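Structure file entry-v5.txt with compact mmCIF, C-alpha atoms:
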```txt
# COMPACT_ATOMS: atom_id res chain seq x y z
CA MET A 151 91.06 180.46 -9.15
CA ARG A 152 90.42 178.00 -6.34
CA ARG A 153 89.77 180.23 -3.32
CA PHE A 154 88.28 183.68 -2.82
CA VAL A 155 87.21 186.13 -0.13
CA GLN A 156 83.86 187.65 0.83
CA ALA A 157 84.24 190.17 3.66
CA PHE A 158 82.11 193.17 2.81
CA ALA A 159 81.44 196.58 4.28
CA ALA A 160 79.29 199.32 2.81
CA ASP A 161 82.30 201.61 2.30
CA ILE A 162 84.00 199.26 -0.19
CA MET A 163 80.95 199.03 -2.43
CA PRO A 164 81.25 201.07 -5.65
CA GLY A 165 78.33 203.12 -6.87
CA GLY A 166 75.80 201.45 -9.13
CA LEU A 167 74.33 198.78 -6.86
CA PRO A 168 70.86 199.10 -5.34
CA PRO A 169 71.07 200.20 -1.67
CA ALA A 170 69.16 197.09 -0.59
CA ILE A 171 71.80 194.82 -2.17
CA ILE A 172 74.61 196.81 -0.54
CA GLY A 173 72.89 196.34 2.80
CA GLU A 174 72.50 192.61 2.29
CA LEU A 175 76.13 192.18 1.28
CA ALA A 176 77.35 194.17 4.28
CA ALA A 177 75.43 191.77 6.54
CA VAL A 178 76.99 188.62 5.04
CA PRO A 179 79.22 186.65 7.48
CA VAL A 180 82.86 187.20 6.55
CA ARG A 181 84.67 184.37 4.75
CA TYR A 182 88.37 184.61 4.02
CA ASN A 183 88.99 181.22 2.40
CA ILE A 184 86.05 180.02 0.33
CA ALA A 185 86.91 176.73 -1.34
CA VAL A 186 85.15 174.57 -3.91
CA ARG A 187 81.95 172.92 -2.65
CA LYS A 188 81.67 175.52 0.11
CA THR A 189 78.89 178.10 0.11
CA ALA A 190 79.26 181.71 -0.96
CA VAL A 191 76.82 184.51 -1.64
CA VAL A 192 75.75 185.35 -5.17
CA ILE A 193 73.53 188.09 -6.58
CA LEU A 194 70.73 186.87 -8.83
CA ASP A 195 67.09 187.36 -9.79
CA ARG A 196 64.65 184.48 -9.51
CA GLY A 197 61.73 186.54 -10.71
CA ALA A 198 61.17 189.02 -7.91
CA GLY A 199 64.13 191.36 -8.38
CA LEU A 200 67.76 191.24 -7.37
CA CYS A 201 68.55 189.30 -4.21
CA VAL A 202 71.54 187.85 -2.35
CA GLU A 203 71.59 184.11 -1.60
CA ASP A 204 73.98 181.42 -0.42
CA PHE A 205 74.87 178.89 -3.15
CA ALA A 206 77.44 176.10 -3.31
CA TRP A 207 80.58 176.79 -5.37
CA GLY A 208 80.91 174.23 -8.16
CA LEU A 209 77.96 174.11 -10.53
CA VAL A 210 75.91 170.91 -10.58
CA PRO A 211 73.67 170.80 -13.68
CA SER A 212 69.97 170.18 -13.15
CA TRP A 213 70.13 167.03 -15.30
CA SER A 214 72.84 165.35 -13.22
CA PRO A 215 71.60 162.08 -11.63
CA LEU A 216 73.39 163.00 -8.38
CA PRO A 217 73.97 166.30 -6.54
CA GLU A 218 77.60 166.23 -7.62
CA THR A 219 79.69 165.98 -10.76
CA LYS A 220 82.97 164.37 -11.69
CA TYR A 221 83.87 167.46 -13.69
CA THR A 222 85.62 170.61 -12.49
CA THR A 223 82.81 173.14 -12.49
CA MET A 224 83.88 175.92 -10.13
CA THR A 225 84.83 177.95 -13.21
CA ALA A 226 83.62 178.07 -16.81
CA ARG A 227 85.67 179.42 -19.71
CA LEU A 228 83.94 182.37 -21.34
CA ASP A 229 84.77 181.18 -24.85
CA ARG A 230 83.34 177.70 -24.24
CA ALA A 231 80.46 178.09 -21.78
CA ALA A 232 77.75 178.70 -24.39
CA ARG A 233 78.59 175.40 -26.12
CA SER A 234 79.16 173.31 -23.01
CA ARG A 235 76.61 170.64 -22.09
CA ILE A 236 77.04 171.58 -18.44
CA PHE A 237 76.89 175.34 -18.80
CA ARG A 238 74.76 175.91 -21.91
CA ARG A 239 71.37 176.19 -20.15
CA PRO A 240 72.66 178.38 -17.30
CA TRP A 241 74.37 180.57 -19.92
CA GLU A 242 71.01 181.08 -21.60
CA GLN A 243 68.75 181.36 -18.56
CA ARG A 244 70.53 181.45 -15.21
CA ARG A 245 73.08 184.19 -14.75
CA CYS A 246 74.42 185.51 -11.48
CA VAL A 247 77.18 187.71 -10.13
CA VAL A 248 79.69 186.63 -7.51
CA PRO A 249 80.82 189.53 -5.31
CA MET A 250 84.28 189.24 -3.78
CA ASN A 251 87.06 191.26 -2.21
CA GLY A 252 89.54 189.31 -4.29
CA TYR A 253 90.85 185.83 -4.88
CA TYR A 254 93.93 183.68 -4.37
CA LYS A 255 96.08 182.50 -7.24
CA TRP A 256 99.24 180.38 -7.24
CA ASP A 257 102.47 181.36 -8.96
CA ARG A 258 103.91 178.08 -10.23
CA THR A 259 106.87 179.63 -12.01
CA ALA A 260 108.83 179.75 -8.76
CA SER A 261 110.85 176.76 -7.52
CA ARG A 262 108.34 176.49 -4.69
CA PRO A 263 104.82 177.52 -5.79
CA ARG A 264 103.55 180.56 -3.90
CA PRO A 265 100.02 181.94 -3.39
CA TYR A 266 99.13 185.54 -4.12
CA PHE A 267 96.03 187.55 -3.29
CA ILE A 268 94.58 189.51 -6.21
CA GLN A 269 92.37 192.53 -5.56
CA SER A 270 91.27 195.79 -7.12
CA GLN A 271 93.82 198.58 -6.85
CA THR A 272 91.06 200.75 -5.40
CA GLY A 273 90.27 198.27 -2.62
CA GLN A 274 86.64 198.16 -3.69
CA ALA A 275 84.59 195.01 -4.07
CA LEU A 276 84.77 193.10 -7.35
CA PHE A 277 81.85 191.55 -9.20
CA ALA A 278 82.51 188.40 -11.22
CA ALA A 279 80.09 187.20 -13.88
CA GLY A 280 78.73 183.77 -13.03
CA LEU A 281 76.22 181.07 -13.89
CA TRP A 282 73.96 179.11 -11.55
CA ASP A 283 71.78 176.03 -11.63
CA HIS A 284 69.20 174.24 -9.49
CA TRP A 285 69.48 170.49 -8.86
CA HIS A 286 66.20 169.08 -7.52
CA LYS A 287 66.01 165.37 -8.27
CA ALA A 288 65.91 164.57 -4.55
CA GLU A 289 66.07 166.20 -1.12
CA PRO A 290 67.87 168.31 -0.19
CA GLU A 291 67.80 170.43 -3.33
CA LEU A 292 71.02 172.13 -4.35
CA TYR A 293 71.67 175.60 -5.74
CA SER A 294 75.18 175.98 -7.13
CA PHE A 295 77.26 178.34 -9.26
CA ALA A 296 80.35 178.72 -11.40
CA VAL A 297 82.53 181.77 -12.11
CA LEU A 298 83.17 182.71 -15.73
CA THR A 299 86.86 183.14 -16.58
CA HIS A 300 88.90 184.55 -19.48
CA ALA A 301 92.33 185.80 -20.40
CA ASN A 302 92.93 189.00 -18.47
CA PRO A 303 96.12 191.04 -18.99
CA ALA A 304 95.22 193.13 -15.92
CA ILE A 305 96.48 190.29 -13.72
CA PRO A 306 100.04 191.28 -12.77
CA ALA A 307 103.12 189.14 -13.36
CA PRO A 308 104.40 186.64 -12.39
CA LEU A 309 100.87 185.23 -12.30
CA VAL A 310 99.26 183.64 -15.35
CA PRO A 311 97.00 186.34 -16.89
CA ASP A 312 93.78 184.39 -16.65
CA GLY A 313 90.96 184.93 -14.17
CA PRO A 314 87.33 185.92 -13.52
CA VAL A 315 85.37 188.13 -15.90
CA PHE A 316 84.62 191.20 -13.80
CA LEU A 317 81.71 193.60 -14.26
CA ALA A 318 81.22 197.19 -13.20
CA ALA A 319 78.66 197.49 -10.40
CA ALA A 320 76.38 199.41 -12.76
CA ASP A 321 76.34 196.42 -15.16
CA VAL A 322 75.46 193.75 -12.57
CA ALA A 323 71.70 193.96 -13.11
CA ASP A 324 72.05 193.97 -16.91
CA TRP A 325 74.11 190.77 -16.90
CA ILE A 326 71.66 189.01 -14.59
CA ALA A 327 68.65 190.14 -16.63
CA GLY A 328 70.25 188.73 -19.76
CA PRO A 329 71.82 190.97 -22.40
CA ARG A 330 70.79 190.28 -25.99
CA PHE A 331 74.34 189.35 -26.95
CA PRO A 332 75.92 187.97 -23.75
CA MET A 333 79.29 187.12 -25.26
CA ARG A 334 79.67 190.62 -26.69
CA PHE A 335 78.47 192.12 -23.42
CA LEU A 336 81.14 190.34 -21.37
CA SER A 337 83.89 190.66 -23.96
CA ARG A 338 83.46 194.42 -23.94
CA ALA A 339 83.31 194.75 -20.16
CA ALA A 340 86.14 197.00 -18.97
CA GLN A 341 88.28 195.10 -16.47
CA PRO A 342 89.39 196.78 -13.25
CA ARG A 343 93.03 197.51 -12.53
CA LEU A 344 94.33 194.76 -10.28
CA GLU A 345 97.19 194.27 -7.88
CA ALA A 346 98.66 191.15 -6.28
CA TYR A 347 100.89 190.38 -3.31
CA PRO A 348 102.20 187.13 -1.76
CA VAL A 349 100.28 185.60 1.14
CA SER A 350 100.75 182.63 3.43
CA ARG A 351 100.53 179.07 2.18
CA ARG A 352 98.06 178.51 5.01
CA ILE A 353 95.31 179.17 2.48
CA ARG A 354 95.88 175.58 1.36
CA SER A 355 93.79 174.39 4.29
CA PRO A 356 90.06 175.05 3.84
CA ASP A 357 89.75 174.85 7.62
CA VAL A 358 91.79 178.04 8.05
CA ASP A 359 89.49 181.02 7.65
CA ASP A 360 90.52 184.30 9.27
CA TYR A 361 91.65 187.78 8.32
CA THR A 362 95.35 186.97 8.75
CA LEU A 363 95.22 185.09 5.44
CA LEU A 364 95.14 188.49 3.73
CA GLU A 365 98.30 189.75 5.41
CA PRO A 366 101.28 190.15 3.05
CA VAL A 367 104.17 187.81 3.79
CA ASP A 368 107.86 188.01 3.15
CA ALA A 369 108.37 185.49 0.37
CA ARG A 370 111.78 184.36 1.66
CA GLU A 371 110.50 183.85 5.20
CA ASP A 372 107.50 181.92 3.95
CA ASP A 373 109.79 179.72 1.82
CA SER A 374 111.87 178.95 4.90
CA ILE A 375 108.81 177.90 6.87
CA ALA A 376 107.44 175.86 3.98
CA ALA A 377 110.76 174.06 3.50
CA GLY A 378 110.17 172.28 6.80
CA LEU A 379 106.82 170.93 5.71
CA ASP A 380 106.43 167.79 3.67
CA HIS A 381 103.10 168.46 1.97
CA ALA A 382 102.42 168.01 -1.74
CA LEU A 383 100.25 170.57 -3.48
CA ASP A 384 96.96 169.11 -4.64
CA GLU A 385 94.55 170.26 -7.34
CA GLU A 386 92.69 172.61 -5.00
CA ASP A 387 95.85 174.63 -4.45
CA GLU A 388 95.79 176.06 -7.97
```
Please express what this file holds, its structure, as structure tokens.
Amino acid sequence: MRRFVQAFAADIMPGGLPPAIIGELAAVPVRYNIAVRKTAVVILDRGAGLCVEDFAWGLVPSWSPLPETKYTTMTARLDRAARSRIFRRPWEQRRCVVPMNGYYKWDRTASRPRPYFIQSQTGQALFAAGLWDHWHKAEPELYSFAVLTHANPAIPAPLVPDGPVFLAAADVADWIAGPRFPMRFLSRAAQPRLEAYPVSRRIRSPDVDDYTLLEPVDAREDDSIAAGLDHALDEEDE
């Protein structure tokens, strides 16, 4: 998972969220191609109840000497986060939820890697379990987050069955408040039924951000267009 979408409307929100949070999400500016180090909205509680705030994607731990890290921290593996030096404190104290319409994932089994968009079969918003941290060793301070990931057989072939840990809307507040046994809580979370379809390779550019990125493409036509381009896929394409 390297890119995802936040383009909300009240009618795609499942039941279980507080009306105030639904209203805040519906007012968020649409973003169709959120990349690492870009901002996205997260749901969290900093002591005064659930709220929606803009954080940077790619967690920077509070102990880091600089507001950056050499490590890949946009995602955190569920089975390793609690033991990780970077994620251990957020796992214990700073949980959030990342709402999204869906996310992009590359199929690298094809001769020419192809991006797909993954979404709920119902078309409703998805809620990914996340962690956040606050870097404040200098100005400006930085609030950042990571998305927890795990093996997920709900992701359709030919894509690798690994992706965000999703929560039901009714469980969002419980995860943020801190369940007594967080690993058990997430491991038992029922995952939504997902679907995937091929989209344009234009998602590779973080400067392209419009609704046409979500339009299905004919794989053969897209291959023909891509064959005339001499661009190598980089790490952010995954």
Taking only C-alpha atoms into account, which of A:Pro314, A:Pro290, A:Gly208, A:Gly199 comes nearest Tyr253 of chain A? A:Pro314
Selection near segment 151-157 of chain A, 7 Å with all atoms listed in the file, sequence-local residues under 5 positions removed, as a ChimeraX atom specification: /A:180-186,250-255,313,386-388
Take the residues that were just selected and, keeping C-alpha atoms, output them as a compact mmCIF listing (two decimals), in the coordinates of the input.
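Result saved to selection25.txt:
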```
# COMPACT_ATOMS: atom_id res chain seq x y z
CA VAL A 180 82.86 187.20 6.55
CA ARG A 181 84.67 184.37 4.75
CA TYR A 182 88.37 184.61 4.02
CA ASN A 183 88.99 181.22 2.40
CA ILE A 184 86.05 180.02 0.33
CA ALA A 185 86.91 176.73 -1.34
CA VAL A 186 85.15 174.57 -3.91
CA MET A 250 84.28 189.24 -3.78
CA ASN A 251 87.06 191.26 -2.21
CA GLY A 252 89.54 189.31 -4.29
CA TYR A 253 90.85 185.83 -4.88
CA TYR A 254 93.93 183.68 -4.37
CA LYS A 255 96.08 182.50 -7.24
CA GLY A 313 90.96 184.93 -14.17
CA GLU A 386 92.69 172.61 -5.00
CA ASP A 387 95.85 174.63 -4.45
CA GLU A 388 95.79 176.06 -7.97
```
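When only C-alpha atoms are used to measure the gap to Leu194 of chain A, the shortest distance among A:Asn302, A:Gln271, A:Ser294, A:Ser337 belongs to A:Ser294.
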Using all atoms listed in the file, the shortest atom-to-atom distance to Val191 of chain A among A:Tyr221, A:Phe277, A:Trp256, A:Trp241 belongs to A:Phe277
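With all atoms listed in the file as the atoms that count, the residue of A:Val202, A:Met163, A:Met333, A:Leu363 with the shortest distance to Leu228 of chain A is A:Met333.
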Please return the centre and edge lengths, in Å to one decimal, of a box with edges along x, y and z that contains all listed atoms of segment 269-272 of chain A, widened by 5 Å on every side, as JSON.
```
{"center_x": 92.4, "center_y": 196.6, "center_z": -6.3, "size_x": 12.8, "size_y": 18.2, "size_z": 11.7}
```
